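Visitor: My structure is below; once you've seen it, I'll send some questions.
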Amino acid sequence: MSHIKDFDTITAIATPLGEGGISVIRISGLDAFSIADKIFLGRTKLSQAPSHTAHFGKVVDASGAFVDEVVAVIFRKPSSYTCEDVIEISCHGGYLVTQKVLQEILSAGARLAEPGEFTKRAFLNGRLDLSQAEAVGDLIHSQSDAAYKSSIRQLSGELSRRIKNVRDELLNLASLLELELDFSEEDVEFANRKALEGRMLAAIESVDELLSSYSIGKVYREGVRVTIAGKPNAGKSSLLNVLLQENRAIVSETPGTTRDTISESISIDGVLFQLTDTAGLRETTDNIEKEGVKRAHKEAEESDVVLLVIDYNEFEAAENDPLYTRLGEVCARNAVRLVRVWNKIDLYKSEPPRISENKDSFYISALRGDGIDFLKNGLLKAALAEDINESSVVVTNARHRDALARAQKSLKFALETLKGGKSGEFVALDLRSGLNSLGEITGEITTADILNNIFSKFCIGK
Ligand SMILES: Nc1nc2c(ncn2[C@@H]2O[C@H](COP(=O)(O)OP(=O)(O)OP(=O)(O)O)[C@@H](O)[C@H]2O)c(=O)[nH]1
Ligand SMILES: [Mg+2]
């Protein structure tokens, strides 16, 4: 790689701080080898050793005193994480000993890396594009199987490929139009207007598709917030417990048992659900309980799904109950999905209600566990809204979503301009602006601010 830039030498502890088997300290940059030679005593000098080899030795301080026994692994440029010369020192995994080794590397001339600076260099040196670099951060932070899978896909460059295809096409279209301008005297049209329209429409569709995957992406990344609401004694805490498969919340026949909110998470098919049990909704004069009801409404407002638990005995009366109406309004106002969960069906043996897969109501017995699998499945469907397959590219990142939305706007503008019969000059201008927005995703177009913002969210040492 010829475009590797000359950066100063950075170092950081790459493993979590604390006690463990080993800690790894990374060194990367122009002087990585000369710095390592100053502190490392082994059978061979690291600067003389071939790439991708491991060396046992000692770290010593400036006076030659022994600091720790370590293994150094070396990667010569460009075959390393950053594309620079990299040395990874594995020392004993203790807080103090790791700090001491780091200190020697700093004293020998390296600078402490900023958060994400190693990955930033991998980007600046062209080993990863920006969306892949972000995927590294997402991968480290993933807390569910779904989040993990989508970041792995993004890291492998699938989103980048999709963006590149659209950009290539837009670039072709813009160049065609610009070429026309050079020959404007001769009044020629290189590009058939109808064909151009068709190609632009196809490009817009690709952008639309990526944009609409964001709602799923958000679910993958952040999980789904579910509030369990309902009247006192409806069985809300029992439902939480049966979903968690543990006795997390106190259940009793006394109405008003739960007064504060309780949150726990479960994974359904790899998607993380954050469940919050709330105090029962009722008209009340008790101040503490009133506060509880207020919190329940607030929780509902901020969630993605509300499970409204109702005693099946209330089936007829529930229709016009003002408490439910009010909650329904809160949900509608905040675009929160409201799912009715009719509970205690075990009490109605004579005429068992249908346990169906209706999306908006479920029939369960929190006590016996009837209908819980249907409910879980329903939650998953409600969260994902549509089926996606393993190979779908899912946009999970708000920055990407914003860039896609801007690109979509420019492209629609371009299409309108074209249809309006305006000069190709104006169409090309809008296409270029769409191109730039897409380029922000993969990092062809960036500013120092964008980069700082992205990499400052990384851990130090990554
Ligand atoms: N028969 C039957 N009883 C249930 C079922 N679910 C809950 N119960 C009982 O209903 C009572 C209230 O259950 P909880 O889970 O504490 O109800 P809650 O909605 O959390 O009540 P609060 O916290 O007071 O608002 C308890 O005695 C439960 O054992 C069910 O499916 N069938
Ligand atoms: Mg409760």
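Chains: A, B, ... in order of the structure tokens. Residues: from 1 per chain. Ligands: from 1, in order shown.
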Determine, counting only C-alpha atoms, which protein, DNA and RNA residues have an atom within 9 Å of an atom of Ala296 of chain A; residues of the same chain fewer than 2 positions away are not included. Present the result as number ranges by chain.

Guide: A: 227-229, 260-261, 277-281, 291-294, 298-301

Visitor: Taking only C-alpha atoms and all ligand atoms into account, list the residues no farther than 8 Å from ligand 2, as a list in words.

Guide: Pro232, Asn233, Gly235, Lys236, Ser237, Ser238, Ala249, Ile250, Val251, Ser252, Pro255, Gly256, Thr257, Thr258, Arg259, Asp277, Thr278, Ala279 and Gly280 of chain A

Visitor: Find the residues near Phe40 of chain A: any atom within 6 Å, counting only C-alpha atoms, skip ones fewer than 4 places away on the same chain, and give them as a list in words.

Guide: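 Those residues are Ala36, Lys58 and Val59 of chain A.
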
Visitor: Write a file of the just-selected residues containing N, CA, C and O atoms, as a PDB file, in the first residue's frame.

Guide:
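Contents of out_14.pdb, freshly written:
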```
ATOM      1  N   ALA A  36      10.181   0.010  20.829  1.00  0.00           N
ATOM      2  CA  ALA A  36      10.129  -1.327  21.426  1.00  0.00           C
ATOM      3  C   ALA A  36      11.535  -1.830  21.770  1.00  0.00           C
ATOM      4  O   ALA A  36      11.746  -2.452  22.818  1.00  0.00           O
ATOM      5  N   LYS A  58      11.895  -9.625  28.279  1.00  0.00           N
ATOM      6  CA  LYS A  58      11.641  -8.807  29.461  1.00  0.00           C
ATOM      7  C   LYS A  58      11.417  -7.370  29.049  1.00  0.00           C
ATOM      8  O   LYS A  58      12.043  -6.889  28.107  1.00  0.00           O
ATOM      9  N   VAL A  59      10.535  -6.704  29.786  1.00  0.00           N
ATOM     10  CA  VAL A  59      10.461  -5.250  29.652  1.00  0.00           C
ATOM     11  C   VAL A  59      11.322  -4.668  30.766  1.00  0.00           C
ATOM     12  O   VAL A  59      11.241  -5.111  31.921  1.00  0.00           O
TER      13      VAL A  59
END
```

Visitor: As an exercise, work out the distance from atom CA of Phe118 of chain A to atom CA of Lys462 of chain A in Å and give it to one decimal place.

Guide: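 Those two atoms sit 5.6 Å apart.
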
Visitor: Name the closest residue to ligand 1 among the candidates A:Gln408, A:Thr442, A:Ser361, A:Asn241; distances are taken between atoms, counting only C-alpha atoms and all ligand atoms.

Guide: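 Of A:Gln408, A:Thr442, A:Ser361, A:Asn241, the one nearest ligand 1, counting only C-alpha atoms and all ligand atoms, is A:Asn241.
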
Visitor: Leaving out Ser437 of chain A and any residue of its chain fewer than 5 positions from it, which residues lie within 8 Å of it when counting only C-alpha atoms, given as a list in words?

Guide: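 My list of contacting residues is Ala403, Leu404, Arg406, Ala407 and Ile445 of chain A.
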
Visitor: Kindly export the residues of the current selection with N, CA and C atoms, as a compact mmCIF listing (two decimals), in the first residue's frame.

Guide:
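Result saved to out_23.txt:
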```txt
# COMPACT_ATOMS: atom_id res chain seq x y z
N ALA A 403 -27.44 10.55 6.46
CA ALA A 403 -26.79 10.74 5.15
C ALA A 403 -27.67 10.18 4.04
N LEU A 404 -28.27 9.01 4.29
CA LEU A 404 -29.15 8.41 3.29
C LEU A 404 -30.36 9.29 3.03
N ARG A 406 -30.54 12.51 3.32
CA ARG A 406 -30.12 13.67 2.53
C ARG A 406 -29.91 13.28 1.07
N ALA A 407 -29.31 12.11 0.89
CA ALA A 407 -29.09 11.63 -0.49
C ALA A 407 -30.43 11.43 -1.19
N ILE A 445 -16.11 11.25 1.65
CA ILE A 445 -16.28 12.65 2.01
C ILE A 445 -16.35 12.73 3.53
```

Visitor: I need the residues in segment 98-337 of chain A that are alpha helix (DSSP H) according to DSSP; give them as a count of residues only.

Guide: 131

Visitor: Using only C-alpha atoms and all ligand atoms, which of the listed residues (A:Arg368, A:Lys100, A:His297, A:Arg326) sits closest to ligand 1?

Guide: A:Arg368

Visitor: Please provide the set of residues having any atom within 10 Å of Glu158 of chain A, restricted to only C-alpha atoms, with same-chain residues fewer than 5 positions apart removed, written as a VMD selection string.

Guide: chain A and resid 131 to 132 150 152 to 153 163 to 164 391 to 394

Visitor: Residues as selected, C-alpha atoms, written as a tab-separated table (two decimals), in the first residue's frame, can you do that?

Guide:
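This is the output file selection-v8.tsv:
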```
chain	number	residue	atom	x	y	z
A	131	SER	CA	-18.78	2.34	7.84
A	132	GLN	CA	-16.53	-0.65	8.50
A	150	SER	CA	-25.52	-6.91	11.78
A	152	ILE	CA	-20.30	-8.41	11.46
A	153	ARG	CA	-22.10	-7.96	8.15
A	163	ILE	CA	-23.40	2.29	-1.22
A	164	LYS	CA	-20.62	1.96	-3.76
A	391	SER	CA	-28.20	-11.52	3.85
A	392	SER	CA	-30.23	-8.32	4.04
A	393	VAL	CA	-28.18	-5.23	4.60
A	394	VAL	CA	-29.52	-3.42	7.62
```

Visitor: For Ala108 of chain A, which residue among A:Arg295, A:His55, A:Lys38, A:His141 is the nearest when counting only C-alpha atoms?

Guide: A:Lys38

Visitor: If we count only C-alpha atoms, what is near Leu201 of chain A at a cut-off of 9 Å, once residues fewer than 3 positions away on the same chain are taken out, given as a short mmCIF file (atom, residue, chain, number, x, y, z; two decimals) with C-alpha atoms, in the first residue's frame?

Guide:
```
data_model
loop_
_atom_site.label_atom_id
_atom_site.label_comp_id
_atom_site.auth_asym_id
_atom_site.auth_seq_id
_atom_site.Cartn_x
_atom_site.Cartn_y
_atom_site.Cartn_z
CA LEU A 196 -31.92 8.62 -17.46
CA GLU A 197 -35.18 8.83 -15.56
CA GLY A 198 -35.34 5.07 -15.26
CA ILE A 204 -33.61 6.20 -5.55
CA GLU A 205 -35.17 2.82 -4.89
CA SER A 206 -31.89 1.41 -3.63
CA LEU A 411 -31.92 12.45 -5.83
CA LYS A 412 -35.64 13.13 -5.77
CA LEU A 415 -35.41 13.52 -10.80
#
```

Visitor: Can you measure atom CA of Gly57 of chain A to atom CA of Arg43 of chain A for me? One decimal in Å is fine.

Guide: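 Atom-to-atom, atom CA of Gly57 of chain A to atom CA of Arg43 of chain A, that is 7.3 Å.
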
Visitor: Which polymer residues have any atom within 10 Å of an atom of segment 422-430 of chain A, counting only C-alpha atoms, with same-chain residues fewer than 2 positions away left out, as a ChimeraX atom specification?

Guide: /A:170-171,173-181,189,191,193,407,409-420,432-436

Visitor: Distance atom CA of Ser267 of chain A-atom CA of Gly20 of chain A, one decimal place?

Guide: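 Spanning atom CA of Ser267 of chain A to atom CA of Gly20 of chain A is a straight-line distance of 28.6 Å.
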
Visitor: Nearest to ligand 1: which of A:Ala135, A:Leu307, A:Ala65, A:Ile10 is it, counting only C-alpha atoms and all ligand atoms?

Guide: A:Leu307

Visitor: Could you check the closest approach to Ser142 of chain A for each of A:Leu272, A:Ala72, A:Leu112, A:Cys331 and tell me which residue wins, using only C-alpha atoms?

Guide: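 Among the listed residues, A:Leu272 lies closest to Ser142 of chain A.
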